[in-house]
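So this one's protein08.cif, mmCIF, C-alpha atoms and all ligand atoms:
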```cif
data_model
loop_
_atom_site.label_atom_id
_atom_site.label_comp_id
_atom_site.auth_asym_id
_atom_site.auth_seq_id
_atom_site.Cartn_x
_atom_site.Cartn_y
_atom_site.Cartn_z
CA MET A 41 -85.97 45.26 -164.22
CA ALA A 42 -85.10 43.61 -167.46
CA THR A 43 -85.79 40.99 -170.07
CA VAL A 44 -82.60 39.09 -170.74
CA GLU A 45 -81.84 36.86 -173.68
CA VAL A 46 -78.79 34.64 -174.02
CA ARG A 47 -78.36 33.60 -177.65
CA ASP A 48 -76.21 30.70 -178.80
CA LEU A 49 -73.42 31.58 -176.37
CA ARG A 50 -70.03 29.96 -176.96
CA LYS A 51 -66.98 30.05 -174.73
CA ARG A 52 -63.66 28.36 -175.23
CA TYR A 53 -60.88 27.96 -172.64
CA GLN A 54 -57.75 27.22 -174.67
CA ASP A 55 -58.88 24.18 -176.68
CA PHE A 56 -61.76 23.23 -174.37
CA LEU A 57 -65.26 24.24 -175.45
CA ALA A 58 -67.00 25.08 -172.15
CA LEU A 59 -70.14 26.58 -173.73
CA ASP A 60 -71.36 25.05 -176.95
CA GLY A 61 -74.34 27.20 -177.90
CA VAL A 62 -76.25 28.13 -174.74
CA SER A 63 -79.61 29.83 -175.32
CA LEU A 64 -82.10 30.91 -172.68
CA ARG A 65 -84.15 33.89 -171.63
CA ALA A 66 -85.58 35.55 -168.56
CA GLU A 67 -88.70 37.68 -168.64
CA THR A 68 -88.86 40.67 -166.34
CA GLY A 69 -89.19 39.56 -162.73
CA GLN A 70 -88.42 35.90 -163.37
CA LEU A 71 -85.89 33.81 -161.50
CA VAL A 72 -84.17 31.51 -163.98
CA THR A 73 -82.01 28.69 -162.63
CA LEU A 74 -79.06 27.05 -164.34
CA LEU A 75 -79.04 23.49 -163.00
CA GLY A 76 -76.49 20.80 -163.74
CA PRO A 77 -73.54 18.79 -162.45
CA SER A 78 -70.14 20.30 -161.74
CA GLY A 79 -68.29 21.31 -164.90
CA CYS A 80 -71.32 21.66 -167.21
CA GLY A 81 -70.79 25.40 -167.76
CA LYS A 82 -73.12 27.10 -165.25
CA SER A 83 -70.55 29.51 -163.80
CA THR A 84 -69.09 30.22 -167.22
CA THR A 85 -72.55 31.28 -168.46
CA LEU A 86 -73.05 33.50 -165.41
CA ARG A 87 -69.59 35.06 -165.75
CA CYS A 88 -70.34 35.92 -169.36
CA LEU A 89 -73.57 37.57 -168.21
CA ALA A 90 -71.72 39.50 -165.50
CA GLY A 91 -69.10 40.66 -167.99
CA PHE A 92 -66.17 38.96 -166.23
CA LEU A 93 -65.63 36.71 -169.25
CA GLU A 94 -65.83 37.51 -172.93
CA PRO A 95 -67.68 34.87 -174.96
CA ASN A 96 -66.27 33.58 -178.27
CA GLY A 97 -69.63 33.63 -179.98
CA GLY A 98 -73.30 34.35 -179.51
CA ASP A 99 -74.90 37.35 -177.89
CA ILE A 100 -76.45 38.60 -174.66
CA LEU A 101 -79.33 41.04 -174.97
CA VAL A 102 -80.95 43.12 -172.25
CA GLU A 103 -84.24 44.71 -173.30
CA GLY A 104 -83.33 43.65 -176.83
CA GLU A 105 -79.93 45.37 -176.90
CA SER A 106 -76.56 43.64 -176.90
CA ILE A 107 -74.49 44.31 -173.79
CA LEU A 108 -71.34 42.48 -174.91
CA SER A 109 -69.40 45.67 -175.43
CA THR A 110 -70.50 47.12 -172.06
CA PRO A 111 -67.88 46.56 -169.34
CA ALA A 112 -68.93 44.68 -166.19
CA ASN A 113 -69.09 47.78 -163.98
CA ARG A 114 -71.44 49.55 -166.39
CA ARG A 115 -73.93 46.70 -166.79
CA GLY A 116 -75.76 47.58 -163.59
CA PHE A 117 -75.94 43.96 -162.45
CA GLY A 118 -75.72 42.73 -158.86
CA VAL A 119 -73.51 39.70 -158.35
CA VAL A 120 -73.48 37.25 -155.43
CA PHE A 121 -70.98 34.43 -155.59
CA GLN A 122 -70.30 31.38 -153.47
CA ASN A 123 -67.22 32.92 -151.90
CA TYR A 124 -68.76 36.06 -150.64
CA ALA A 125 -65.38 37.77 -150.06
CA LEU A 126 -66.44 40.51 -147.67
CA PHE A 127 -63.81 43.09 -146.75
CA PRO A 128 -62.62 41.72 -143.39
CA HIS A 129 -61.53 45.07 -141.93
CA MET A 130 -64.80 46.86 -142.78
CA THR A 131 -67.98 46.70 -140.69
CA VAL A 132 -71.12 45.11 -142.06
CA ALA A 133 -72.58 48.54 -142.88
CA GLU A 134 -69.37 49.66 -144.59
CA ASN A 135 -69.27 46.47 -146.64
CA ILE A 136 -72.83 47.02 -147.79
CA GLY A 137 -72.33 50.70 -148.52
CA TYR A 138 -69.01 50.29 -150.33
CA GLY A 139 -70.47 50.30 -153.84
CA LEU A 140 -72.52 53.41 -153.11
CA LYS A 141 -69.42 55.15 -151.75
CA LEU A 142 -67.63 54.38 -155.03
CA GLN A 143 -70.55 56.05 -156.80
CA LYS A 144 -69.81 59.11 -154.62
CA LEU A 145 -73.35 59.38 -153.27
CA PRO A 146 -73.95 61.77 -150.36
CA LYS A 147 -73.24 60.23 -146.95
CA GLY A 148 -76.83 60.66 -145.76
CA GLU A 149 -78.26 58.81 -148.74
CA ILE A 150 -75.75 55.97 -148.34
CA GLU A 151 -76.76 55.60 -144.69
CA THR A 152 -80.47 55.51 -145.49
CA ARG A 153 -80.09 52.97 -148.28
CA VAL A 154 -77.79 50.74 -146.22
CA TYR A 155 -80.21 50.92 -143.29
CA ASP A 156 -83.17 50.01 -145.51
CA VAL A 157 -81.49 47.06 -147.17
CA MET A 158 -80.18 45.75 -143.84
CA LYS A 159 -83.76 45.66 -142.61
CA LEU A 160 -84.82 43.88 -145.78
CA VAL A 161 -82.29 41.04 -145.31
CA ARG A 162 -82.85 41.03 -141.54
CA LEU A 163 -79.44 42.28 -140.49
CA ASP A 164 -80.77 45.20 -138.43
CA GLY A 165 -78.57 45.98 -135.46
CA LEU A 166 -75.49 44.22 -136.86
CA GLY A 167 -74.15 47.19 -138.85
CA ASP A 168 -71.19 47.82 -136.56
CA ARG A 169 -69.93 44.23 -136.45
CA LEU A 170 -67.00 42.94 -138.49
CA PRO A 171 -67.59 40.00 -140.86
CA ARG A 172 -65.77 37.60 -138.51
CA GLU A 173 -68.17 38.58 -135.71
CA ILE A 174 -71.26 37.28 -137.55
CA SER A 175 -72.37 33.79 -138.65
CA GLY A 176 -71.98 32.27 -142.12
CA GLY A 177 -75.66 32.79 -142.89
CA GLN A 178 -75.42 36.43 -141.85
CA GLN A 179 -72.28 36.89 -143.96
CA GLN A 180 -74.13 35.55 -146.96
CA ARG A 181 -76.95 38.00 -146.28
CA VAL A 182 -74.39 40.81 -146.22
CA ALA A 183 -73.24 39.68 -149.66
CA LEU A 184 -76.85 39.73 -150.83
CA ALA A 185 -77.45 43.17 -149.30
CA ARG A 186 -74.29 44.49 -150.94
CA ALA A 187 -75.71 43.50 -154.33
CA LEU A 188 -79.28 44.67 -153.65
CA VAL A 189 -78.32 48.09 -152.28
CA LEU A 190 -77.13 49.09 -155.76
CA LYS A 191 -80.68 48.50 -157.10
CA PRO A 192 -79.38 46.33 -159.93
CA ARG A 193 -81.50 45.67 -163.01
CA LEU A 194 -80.39 42.04 -162.94
CA LEU A 195 -79.26 39.83 -160.06
CA LEU A 196 -76.73 37.03 -160.69
CA LEU A 197 -76.28 34.38 -158.00
CA ASP A 198 -73.72 31.57 -158.28
CA GLU A 199 -74.33 28.82 -155.70
CA PRO A 200 -74.91 31.44 -153.00
CA LEU A 201 -75.90 28.81 -150.43
CA ALA A 202 -73.07 26.36 -151.00
CA ASN A 203 -71.14 27.29 -147.86
CA LEU A 204 -74.14 27.09 -145.52
CA ASP A 205 -75.39 24.13 -143.51
CA ALA A 206 -78.73 22.56 -144.43
CA ARG A 207 -80.92 24.56 -142.05
CA LEU A 208 -79.42 27.92 -142.99
CA ARG A 209 -79.57 27.00 -146.65
CA ASP A 210 -83.31 26.64 -146.37
CA GLU A 211 -83.70 29.94 -144.56
CA VAL A 212 -81.53 32.00 -146.94
CA ARG A 213 -83.10 30.26 -149.96
CA TRP A 214 -86.58 31.50 -149.01
CA LEU A 215 -85.23 34.93 -148.16
CA ILE A 216 -83.66 35.24 -151.61
CA ARG A 217 -86.85 34.12 -153.32
CA ASP A 218 -89.01 36.48 -151.22
CA LEU A 219 -86.78 39.47 -151.89
CA GLN A 220 -86.54 38.66 -155.57
CA GLN A 221 -90.32 38.39 -155.90
CA GLN A 222 -91.07 41.46 -153.78
CA SER A 223 -88.65 43.65 -155.69
CA GLY A 224 -89.65 42.17 -159.07
CA ILE A 225 -86.00 41.94 -160.03
CA THR A 226 -84.94 39.55 -162.80
CA ALA A 227 -82.44 36.96 -161.56
CA PHE A 228 -80.21 34.14 -162.78
CA TYR A 229 -79.41 31.54 -160.16
CA VAL A 230 -76.81 28.79 -160.41
CA THR A 231 -77.07 25.55 -158.45
CA HIS A 232 -76.32 21.84 -158.72
CA ASP A 233 -79.10 21.08 -156.21
CA GLN A 234 -82.29 19.95 -157.92
CA SER A 235 -84.58 20.60 -154.96
CA GLU A 236 -83.28 24.16 -154.70
CA ALA A 237 -83.90 24.65 -158.41
CA MET A 238 -87.41 23.20 -158.25
CA ALA A 239 -88.45 25.24 -155.23
CA MET A 240 -87.15 28.64 -156.27
CA SER A 241 -87.40 28.97 -160.01
CA ASP A 242 -89.85 30.27 -162.55
CA MET A 243 -87.79 28.57 -165.26
CA VAL A 244 -85.00 25.99 -165.13
CA ALA A 245 -82.27 25.40 -167.68
CA VAL A 246 -80.89 21.90 -167.18
CA MET A 247 -77.34 22.02 -168.52
CA LYS A 248 -75.34 19.17 -169.97
CA ALA A 249 -71.74 19.54 -171.16
CA GLY A 250 -71.92 23.17 -172.28
CA ARG A 251 -75.44 23.00 -173.67
CA VAL A 252 -78.98 23.43 -172.40
CA ALA A 253 -80.64 20.01 -172.38
CA GLN A 254 -84.04 21.46 -171.45
CA PHE A 255 -85.36 24.93 -170.65
CA ALA A 256 -88.79 24.80 -169.05
CA THR A 257 -90.78 25.29 -165.84
CA PRO A 258 -89.87 23.15 -162.81
CA ARG A 259 -93.06 21.13 -163.31
CA GLU A 260 -92.29 20.43 -166.93
CA ILE A 261 -88.68 19.36 -166.45
CA TYR A 262 -89.82 17.04 -163.65
CA GLN A 263 -92.93 15.58 -165.29
CA LYS A 264 -92.03 15.86 -168.97
CA PRO A 265 -88.25 15.57 -169.29
CA VAL A 266 -86.91 15.45 -172.85
CA GLU A 267 -84.43 12.67 -172.09
CA ARG A 268 -83.11 10.39 -169.38
CA TYR A 269 -80.33 12.82 -168.38
CA VAL A 270 -82.90 15.46 -167.40
CA ALA A 271 -85.17 12.97 -165.62
CA ASP A 272 -82.21 11.64 -163.65
CA PHE A 273 -80.98 15.05 -162.60
CA THR A 274 -84.33 16.41 -161.47
CA GLY A 275 -85.41 13.81 -158.92
CA GLU A 276 -85.87 10.15 -158.03
CA ALA A 277 -86.66 8.20 -161.16
CA ASN A 278 -87.35 4.67 -162.33
CA PHE A 279 -86.55 3.74 -165.91
CA LEU A 280 -87.81 0.68 -167.75
CA SER A 281 -86.78 -0.31 -171.24
CA CYS A 282 -89.65 -0.90 -173.66
CA ASP A 283 -90.09 -3.78 -176.07
CA GLU A 284 -92.37 -2.14 -178.60
CA VAL A 285 -93.58 1.37 -179.31
CA ALA A 286 -96.56 2.43 -181.41
CA VAL A 287 -97.56 6.02 -182.08
CA THR A 288 -101.25 6.50 -181.27
CA GLY A 289 -101.52 10.30 -181.56
CA GLU A 290 -99.69 13.60 -181.12
CA GLY A 291 -97.26 12.82 -178.28
CA ARG A 292 -99.29 9.72 -177.39
CA TYR A 293 -97.94 6.19 -177.45
CA SER A 294 -98.77 2.59 -176.76
CA ILE A 295 -95.88 0.52 -175.44
CA ALA A 296 -95.13 -3.02 -174.46
CA VAL A 297 -93.18 -3.12 -171.23
CA ALA A 298 -92.45 -5.81 -168.63
CA GLY A 299 -95.15 -8.10 -170.00
CA THR A 300 -97.94 -5.55 -170.20
CA THR A 301 -99.23 -2.80 -172.49
CA LEU A 302 -99.52 0.86 -171.51
CA ASP A 303 -101.06 3.91 -173.18
CA LEU A 304 -99.27 7.06 -172.19
CA GLY A 305 -97.94 10.48 -173.14
CA GLY A 306 -94.36 11.19 -174.08
CA VAL A 307 -91.89 13.45 -175.83
CA ALA A 308 -93.21 14.46 -179.26
CA GLY A 309 -91.58 12.94 -182.32
CA ILE A 310 -90.79 9.46 -181.03
CA THR A 311 -91.17 6.78 -183.72
CA SER A 312 -91.25 3.00 -183.52
CA ASP A 313 -87.48 3.04 -184.25
CA THR A 314 -86.48 5.46 -181.48
CA PRO A 315 -84.61 3.89 -178.55
CA VAL A 316 -86.92 4.86 -175.69
CA GLU A 317 -87.32 4.52 -171.98
CA LEU A 318 -90.34 4.60 -169.74
CA LEU A 319 -90.06 7.07 -166.84
CA LEU A 320 -91.98 6.27 -163.68
CA ARG A 321 -91.43 8.65 -160.76
CA PRO A 322 -91.79 6.87 -157.39
CA GLU A 323 -95.05 8.75 -156.69
CA ALA A 324 -96.61 7.25 -159.83
CA LEU A 325 -96.38 3.80 -158.22
CA ARG A 326 -98.29 2.17 -155.42
CA LEU A 327 -98.38 -1.29 -153.94
CA THR A 328 -101.57 -3.21 -154.59
CA SER A 329 -102.92 -6.73 -154.59
CA VAL A 330 -101.46 -8.99 -157.25
CA ASP A 331 -104.78 -9.26 -159.19
CA GLU A 332 -105.22 -5.46 -159.56
CA ALA A 333 -101.62 -4.90 -160.49
CA THR A 334 -100.07 -3.48 -163.66
CA PHE A 335 -96.74 -5.08 -162.76
CA ARG A 336 -95.90 -7.97 -160.49
CA GLY A 337 -92.53 -8.40 -158.84
CA THR A 338 -90.50 -9.44 -155.83
CA VAL A 339 -89.51 -7.10 -153.02
CA THR A 340 -85.71 -7.07 -153.04
CA LYS A 341 -85.22 -4.27 -150.53
CA SER A 342 -87.30 -2.48 -147.93
CA ALA A 343 -86.18 0.21 -145.52
CA PHE A 344 -88.19 2.07 -142.88
CA LEU A 345 -87.56 5.81 -143.29
CA GLY A 346 -90.05 7.09 -140.71
CA ALA A 347 -92.50 8.91 -142.95
CA ALA A 348 -92.42 6.15 -145.54
CA LEU A 349 -91.30 2.63 -146.26
CA HIS A 350 -88.81 2.64 -149.11
CA CYS A 351 -89.15 -0.44 -151.34
CA GLU A 352 -87.30 -1.82 -154.31
CA ILE A 353 -89.17 -4.31 -156.41
CA THR A 354 -87.52 -6.46 -159.04
CA LEU A 355 -89.67 -7.38 -162.05
CA PRO A 356 -89.44 -10.77 -163.80
CA GLY A 357 -87.57 -9.21 -166.73
CA GLY A 358 -84.94 -7.77 -164.39
CA GLY A 359 -86.17 -4.15 -164.21
CA VAL A 360 -86.18 -2.57 -160.75
CA LEU A 361 -88.81 -0.12 -159.44
CA LYS A 362 -88.26 2.08 -156.38
CA LEU A 363 -91.28 3.41 -154.55
CA SER A 364 -92.41 4.82 -151.23
CA ALA A 365 -95.04 2.78 -149.45
CA GLU A 366 -97.12 3.71 -146.43
CA PRO A 367 -94.79 3.41 -143.38
CA ASN A 368 -96.78 0.58 -141.77
CA ALA A 369 -97.25 -1.40 -144.97
CA ASN A 370 -96.80 -5.07 -144.35
CA VAL A 371 -94.01 -5.68 -146.82
CA ARG A 372 -90.92 -7.78 -146.40
CA THR A 373 -87.99 -8.67 -148.58
CA GLY A 374 -88.89 -11.72 -150.67
CA ASP A 375 -92.65 -10.94 -150.84
CA GLU A 376 -94.45 -11.17 -154.18
CA VAL A 377 -96.30 -7.88 -154.68
CA GLY A 378 -98.38 -6.05 -157.26
CA ILE A 379 -97.71 -2.49 -158.40
CA ALA A 380 -100.39 -0.17 -159.76
CA ILE A 381 -99.32 2.80 -161.81
CA ASP A 382 -100.89 6.19 -162.31
CA HIS A 383 -100.88 6.51 -166.10
CA SER A 384 -100.93 10.29 -165.99
CA HIS A 385 -97.54 10.14 -164.26
CA ALA A 386 -95.94 7.74 -166.72
CA TRP A 387 -93.83 9.37 -169.43
CA LEU A 388 -92.08 8.05 -172.50
CA MET A 389 -88.81 9.63 -173.60
CA PRO A 390 -85.97 8.95 -175.96
CA GLU A 391 -82.82 7.63 -174.28
CA VAL A 392 -81.02 10.68 -175.65
CA ALA A 393 -82.74 13.78 -177.03
CA PRO A 394 -82.26 14.07 -180.81
N1 LIG B 1 -60.29 29.35 -166.54
C1 LIG B 1 -60.51 28.13 -167.03
N2 LIG B 1 -59.59 27.53 -167.84
C2 LIG B 1 -59.82 26.32 -168.38
N3 LIG B 1 -60.95 25.59 -168.17
C3 LIG B 1 -61.90 26.14 -167.40
C4 LIG B 1 -61.72 27.43 -166.78
N4 LIG B 1 -62.83 27.70 -166.08
C5 LIG B 1 -63.65 26.63 -166.21
N5 LIG B 1 -63.09 25.69 -167.00
C6 LIG B 1 -63.70 24.42 -167.42
O1 LIG B 1 -64.91 24.69 -168.10
C7 LIG B 1 -65.93 23.78 -167.72
C8 LIG B 1 -67.13 24.53 -167.19
O2 LIG B 1 -66.76 25.18 -165.98
P1 LIG B 1 -67.81 25.93 -165.07
O3 LIG B 1 -68.58 26.88 -165.90
O4 LIG B 1 -67.06 26.50 -163.92
O5 LIG B 1 -68.76 24.75 -164.61
P2 LIG B 1 -69.86 24.67 -163.44
O6 LIG B 1 -70.03 26.04 -162.86
O7 LIG B 1 -71.09 24.14 -164.10
O8 LIG B 1 -69.33 23.69 -162.44
C9 LIG B 1 -65.30 22.83 -166.72
O9 LIG B 1 -64.92 21.67 -167.39
C10 LIG B 1 -64.10 23.59 -166.21
O10 LIG B 1 -63.08 22.70 -165.85
MG MG B 2 -69.67 26.72 -160.86
#
```
Could you take the file, read its structure, and then write that structure out as structure tokens?
Amino acid sequence: MATVEVRDLRKRYQDFLALDGVSLRAETGQLVTLLGPSGCGKSTTLRCLAGFLEPNGGDILVEGESILSTPANRRGFGVVFQNYALFPHMTVAENIGYGLKLQKLPKGEIETRVYDVMKLVRLDGLGDRLPREISGGQQQRVALARALVLKPRLLLLDEPLANLDARLRDEVRWLIRDLQQQSGITAFYVTHDQSEAMAMSDMVAVMKAGRVAQFATPREIYQKPVERYVADFTGEANFLSCDEVAVTGEGRYSIAVAGTTLDLGGVAGITSDTPVELLLRPEALRLTSVDEATFRGTVTKSAFLGAALHCEITLPGGGVLKLSAEPNANVRTGDEVGIAIDHSHAWLMPEVAP
């Protein structure tokens, strides 16, 4: 159990700056996700936490104390990586108990703890199998059990679901979250999958080229992104450019967009000179009659997806809005339609965070 603080972490590989001042924190019992595209520095951050890499600057504090001079094997962290690298010649139970054996615990205690953790990750009865005799999902649960059996004070997971197919990914994802919440263990979780990040996390750090673009709750990064990059990476998004911006209050604005005026909330500190964009998530939009509409446009694409009808509507100024309509909506390509917007779901942001 631990509070963890990463402070202004820097890491250089030869002349490439992989981490350019990463700061984030995890309160005891939280699961904090590092989310971002390949190459943005997620694994580097996690490896610094684990102690496999030495940062060039910044600090990592656990319960307020720096751990940078503590070697990896003394940090008391559990690590689960994408390539779970089980020992192929050892049984499942031996793989899980290996770390306890290194600690020279009595055989009886090792057996009890291995048995308990196998039950926890639902591997009961598979203790005598070899890794090649179990499925990929089960192998990944062995890797998880191997970390949990050591009762780590912090759990580090780097894309632990990447090698699993979609159905198993879902199953192991919920298992990880359940175990993490039940045990109250603090965890850092790396993924490039936004839905995984949204579903599992207490806090999300959206990373961009070696920095944290935004560190907030899943709801906040989705509904109140600080810039386009974050909005784009955290779900389906429509962006419209605005003609005029007026500040009407603290984080409140009035904008001229696509021939109409909107009052809405947005990132604090925008001025009339800031290059801005209007964010409209698809669920903020609905088709309506032309007279009730905020925007009018032409349907340029419609596709039946079963649960919904996906539509793209092109506005007179050239902006395009994507939305999900009711599956039986009577909409065809070429139709003139109206779009109503839910103002509470509209959000103004700078093109790039200052
Ligand atoms: N050992 C290394 N030597 C040189 N460059 C590296 C090394 N490891 C990672 N990098 C580079 O650092 C950047 C961040 O890598 P990484 O942390 O693995 O990203 P992510 O996990 O987000 O995909 C990438 O551009 C990667 O190419
Ligand atoms: Mg990585």
Within 10 Å of (-87.8, 23.4, -166.4), only C-alpha atoms: residues as an mmCIF file with C-alpha atoms, in the frame of the given file?
```cif
data_model
loop_
_atom_site.group_PDB
_atom_site.id
_atom_site.type_symbol
_atom_site.label_atom_id
_atom_site.label_comp_id
_atom_site.auth_asym_id
_atom_site.auth_seq_id
_atom_site.Cartn_x
_atom_site.Cartn_y
_atom_site.Cartn_z
ATOM 1 C CA VAL A 72 -84.170 31.510 -163.980
ATOM 2 C CA THR A 73 -82.010 28.690 -162.630
ATOM 3 C CA LEU A 74 -79.060 27.050 -164.340
ATOM 4 C CA LEU A 75 -79.040 23.490 -163.000
ATOM 5 C CA ALA A 237 -83.900 24.650 -158.410
ATOM 6 C CA MET A 238 -87.410 23.200 -158.250
ATOM 7 C CA SER A 241 -87.400 28.970 -160.010
ATOM 8 C CA ASP A 242 -89.850 30.270 -162.550
ATOM 9 C CA MET A 243 -87.790 28.570 -165.260
ATOM 10 C CA VAL A 244 -85.000 25.990 -165.130
ATOM 11 C CA ALA A 245 -82.270 25.400 -167.680
ATOM 12 C CA VAL A 246 -80.890 21.900 -167.180
ATOM 13 C CA ALA A 253 -80.640 20.010 -172.380
ATOM 14 C CA GLN A 254 -84.040 21.460 -171.450
ATOM 15 C CA PHE A 255 -85.360 24.930 -170.650
ATOM 16 C CA ALA A 256 -88.790 24.800 -169.050
ATOM 17 C CA THR A 257 -90.780 25.290 -165.840
ATOM 18 C CA PRO A 258 -89.870 23.150 -162.810
ATOM 19 C CA ARG A 259 -93.060 21.130 -163.310
ATOM 20 C CA GLU A 260 -92.290 20.430 -166.930
ATOM 21 C CA ILE A 261 -88.680 19.360 -166.450
ATOM 22 C CA TYR A 262 -89.820 17.040 -163.650
ATOM 23 C CA GLN A 263 -92.930 15.580 -165.290
ATOM 24 C CA LYS A 264 -92.030 15.860 -168.970
ATOM 25 C CA PRO A 265 -88.250 15.570 -169.290
ATOM 26 C CA VAL A 270 -82.900 15.460 -167.400
ATOM 27 C CA THR A 274 -84.330 16.410 -161.470
#
```
- Which residue out of A:Val339, A:Leu188, A:Leu197, A:Leu126 has the minimum interatomic distance to ligand MG 2 (chain B) when all atoms listed in the file are used?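 The answer is A:Leu197, which sits nearest to ligand MG 2 (chain B).
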- Message: Using all atoms listed in the file, which residues have at least one atom no more than 9 Å from ligand LIG 1 (chain B)? Output them as JSON, numbers by chain.
- Response: {"A": [51, 52, 53, 54, 55, 56, 57, 58, 59, 74, 75, 76, 77, 78, 79, 80, 81, 82, 83, 84, 85, 86, 87, 198, 199, 230, 231, 232, 247, 248, 249, 250]}
- Task: Work out how far apart atom CA of A:Gln222 and atom CA of A:Phe273 are and give it in Å to one decimal.
- Result: 29.6 Å
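Counting all atoms listed in the file and comparing A:Leu280, A:Cys88, A:Ala348, A:Ala343, the residue that lies closest to A:Arg372 is A:Ala343.
Proximity to A:Ala369 at 10 Å, evaluated using all atoms listed in the file and with sequence-adjacent residues fewer than 5 positions away removed, yields Leu327, Phe344, Ala348 and Leu349 of chain A.
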- Determine the nearest neighbour of ligand MG 2 (chain B) from the options A:Ala324, A:Asp283, A:Phe121, A:Leu355, counting all atoms listed in the file.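 Checking each candidate against ligand MG 2 (chain B), we get A:Phe121 as the closest.
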- Task: Using all atoms listed in the file, pick whichever of A:Gly289, A:Pro322, A:Gly374, A:Gly104 has the shortest atom-to-atom distance to A:Gly337.
- Result: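 Using all atoms listed in the file, the shortest distance to A:Gly337 belongs to A:Gly374.
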Find the smallest box with edges along x, y and z containing every listed atom of stretch 47-55 of chain A, then add 6 Å on each side and report centre and edge lengths in Å to one decimal, as JSON.
```
{"center_x": -68.1, "center_y": 28.9, "center_z": -175.7, "size_x": 32.6, "size_y": 21.4, "size_z": 18.2}
```
- With all atoms listed in the file as the basis for distance, which of A:Gly118, A:Pro200, A:Gly346, A:Gly97 is at the shortest distance from ligand MG 2 (chain B)? A:Pro200
- Task: Find, counting all atoms listed in the file, the residue in A:Thr43, A:Gln122, A:Ala133, A:Arg162 that gets nearest to A:Asn203.
- Result: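 Checking each candidate against A:Asn203, we get A:Gln122 as the closest.
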- Task: For A:Pro390, please output as a PyMOL selection string all residues within 12 Å (counting all atoms listed in the file; exclusion window: fewer than 2 positions along the same chain).
- Result: chain A and resi 264-271+279-282+285+306-319+387-388+392-394
Stretch 301-316 of chain A rebuilt with N, CA and C atoms, output as a PDB file, keeping the file's coordinate frame:
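Below is the file part-v6.pdb, written as the result:
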```
ATOM      1  N   THR A 301     -99.142  -3.885-171.520  1.00  0.00           N
ATOM      2  CA  THR A 301     -99.230  -2.800-172.490  1.00  0.00           C
ATOM      3  C   THR A 301     -99.724  -1.538-171.803  1.00  0.00           C
ATOM      4  N   LEU A 302     -99.115  -0.414-172.131  1.00  0.00           N
ATOM      5  CA  LEU A 302     -99.520   0.860-171.510  1.00  0.00           C
ATOM      6  C   LEU A 302     -99.794   1.895-172.578  1.00  0.00           C
ATOM      7  N   ASP A 303    -100.822   2.728-172.352  1.00  0.00           N
ATOM      8  CA  ASP A 303    -101.060   3.910-173.180  1.00  0.00           C
ATOM      9  C   ASP A 303    -100.624   5.112-172.376  1.00  0.00           C
ATOM     10  N   LEU A 304     -99.806   5.946-172.976  1.00  0.00           N
ATOM     11  CA  LEU A 304     -99.270   7.060-172.190  1.00  0.00           C
ATOM     12  C   LEU A 304     -98.800   8.198-173.081  1.00  0.00           C
ATOM     13  N   GLY A 305     -98.492   9.332-172.437  1.00  0.00           N
ATOM     14  CA  GLY A 305     -97.940  10.480-173.140  1.00  0.00           C
ATOM     15  C   GLY A 305     -96.421  10.401-173.129  1.00  0.00           C
ATOM     16  N   GLY A 306     -95.818  11.175-174.036  1.00  0.00           N
ATOM     17  CA  GLY A 306     -94.360  11.190-174.080  1.00  0.00           C
ATOM     18  C   GLY A 306     -93.845  12.341-174.912  1.00  0.00           C
ATOM     19  N   VAL A 307     -92.535  12.411-175.036  1.00  0.00           N
ATOM     20  CA  VAL A 307     -91.890  13.450-175.830  1.00  0.00           C
ATOM     21  C   VAL A 307     -92.383  13.339-177.278  1.00  0.00           C
ATOM     22  N   ALA A 308     -92.714  14.478-177.878  1.00  0.00           N
ATOM     23  CA  ALA A 308     -93.210  14.460-179.260  1.00  0.00           C
ATOM     24  C   ALA A 308     -92.118  13.979-180.217  1.00  0.00           C
ATOM     25  N   GLY A 309     -92.514  13.299-181.262  1.00  0.00           N
ATOM     26  CA  GLY A 309     -91.580  12.940-182.320  1.00  0.00           C
ATOM     27  C   GLY A 309     -90.932  11.579-182.194  1.00  0.00           C
ATOM     28  N   ILE A 310     -91.311  10.828-181.162  1.00  0.00           N
ATOM     29  CA  ILE A 310     -90.790   9.460-181.030  1.00  0.00           C
ATOM     30  C   ILE A 310     -91.416   8.597-182.131  1.00  0.00           C
ATOM     31  N   THR A 311     -90.622   7.718-182.737  1.00  0.00           N
ATOM     32  CA  THR A 311     -91.170   6.780-183.720  1.00  0.00           C
ATOM     33  C   THR A 311     -90.911   5.357-183.228  1.00  0.00           C
ATOM     34  N   SER A 312     -91.418   4.388-183.961  1.00  0.00           N
ATOM     35  CA  SER A 312     -91.250   3.000-183.520  1.00  0.00           C
ATOM     36  C   SER A 312     -89.774   2.566-183.544  1.00  0.00           C
ATOM     37  N   ASP A 313     -88.913   3.382-184.198  1.00  0.00           N
ATOM     38  CA  ASP A 313     -87.480   3.040-184.250  1.00  0.00           C
ATOM     39  C   ASP A 313     -86.648   3.731-183.173  1.00  0.00           C
ATOM     40  N   THR A 314     -87.256   4.689-182.462  1.00  0.00           N
ATOM     41  CA  THR A 314     -86.480   5.460-181.480  1.00  0.00           C
ATOM     42  C   THR A 314     -86.165   4.608-180.255  1.00  0.00           C
ATOM     43  N   PRO A 315     -84.887   4.535-179.838  1.00  0.00           N
ATOM     44  CA  PRO A 315     -84.610   3.890-178.550  1.00  0.00           C
ATOM     45  C   PRO A 315     -85.235   4.716-177.428  1.00  0.00           C
ATOM     46  N   VAL A 316     -86.157   4.103-176.688  1.00  0.00           N
ATOM     47  CA  VAL A 316     -86.920   4.860-175.690  1.00  0.00           C
ATOM     48  C   VAL A 316     -86.810   4.235-174.315  1.00  0.00           C
TER      49      VAL A 316
END
```
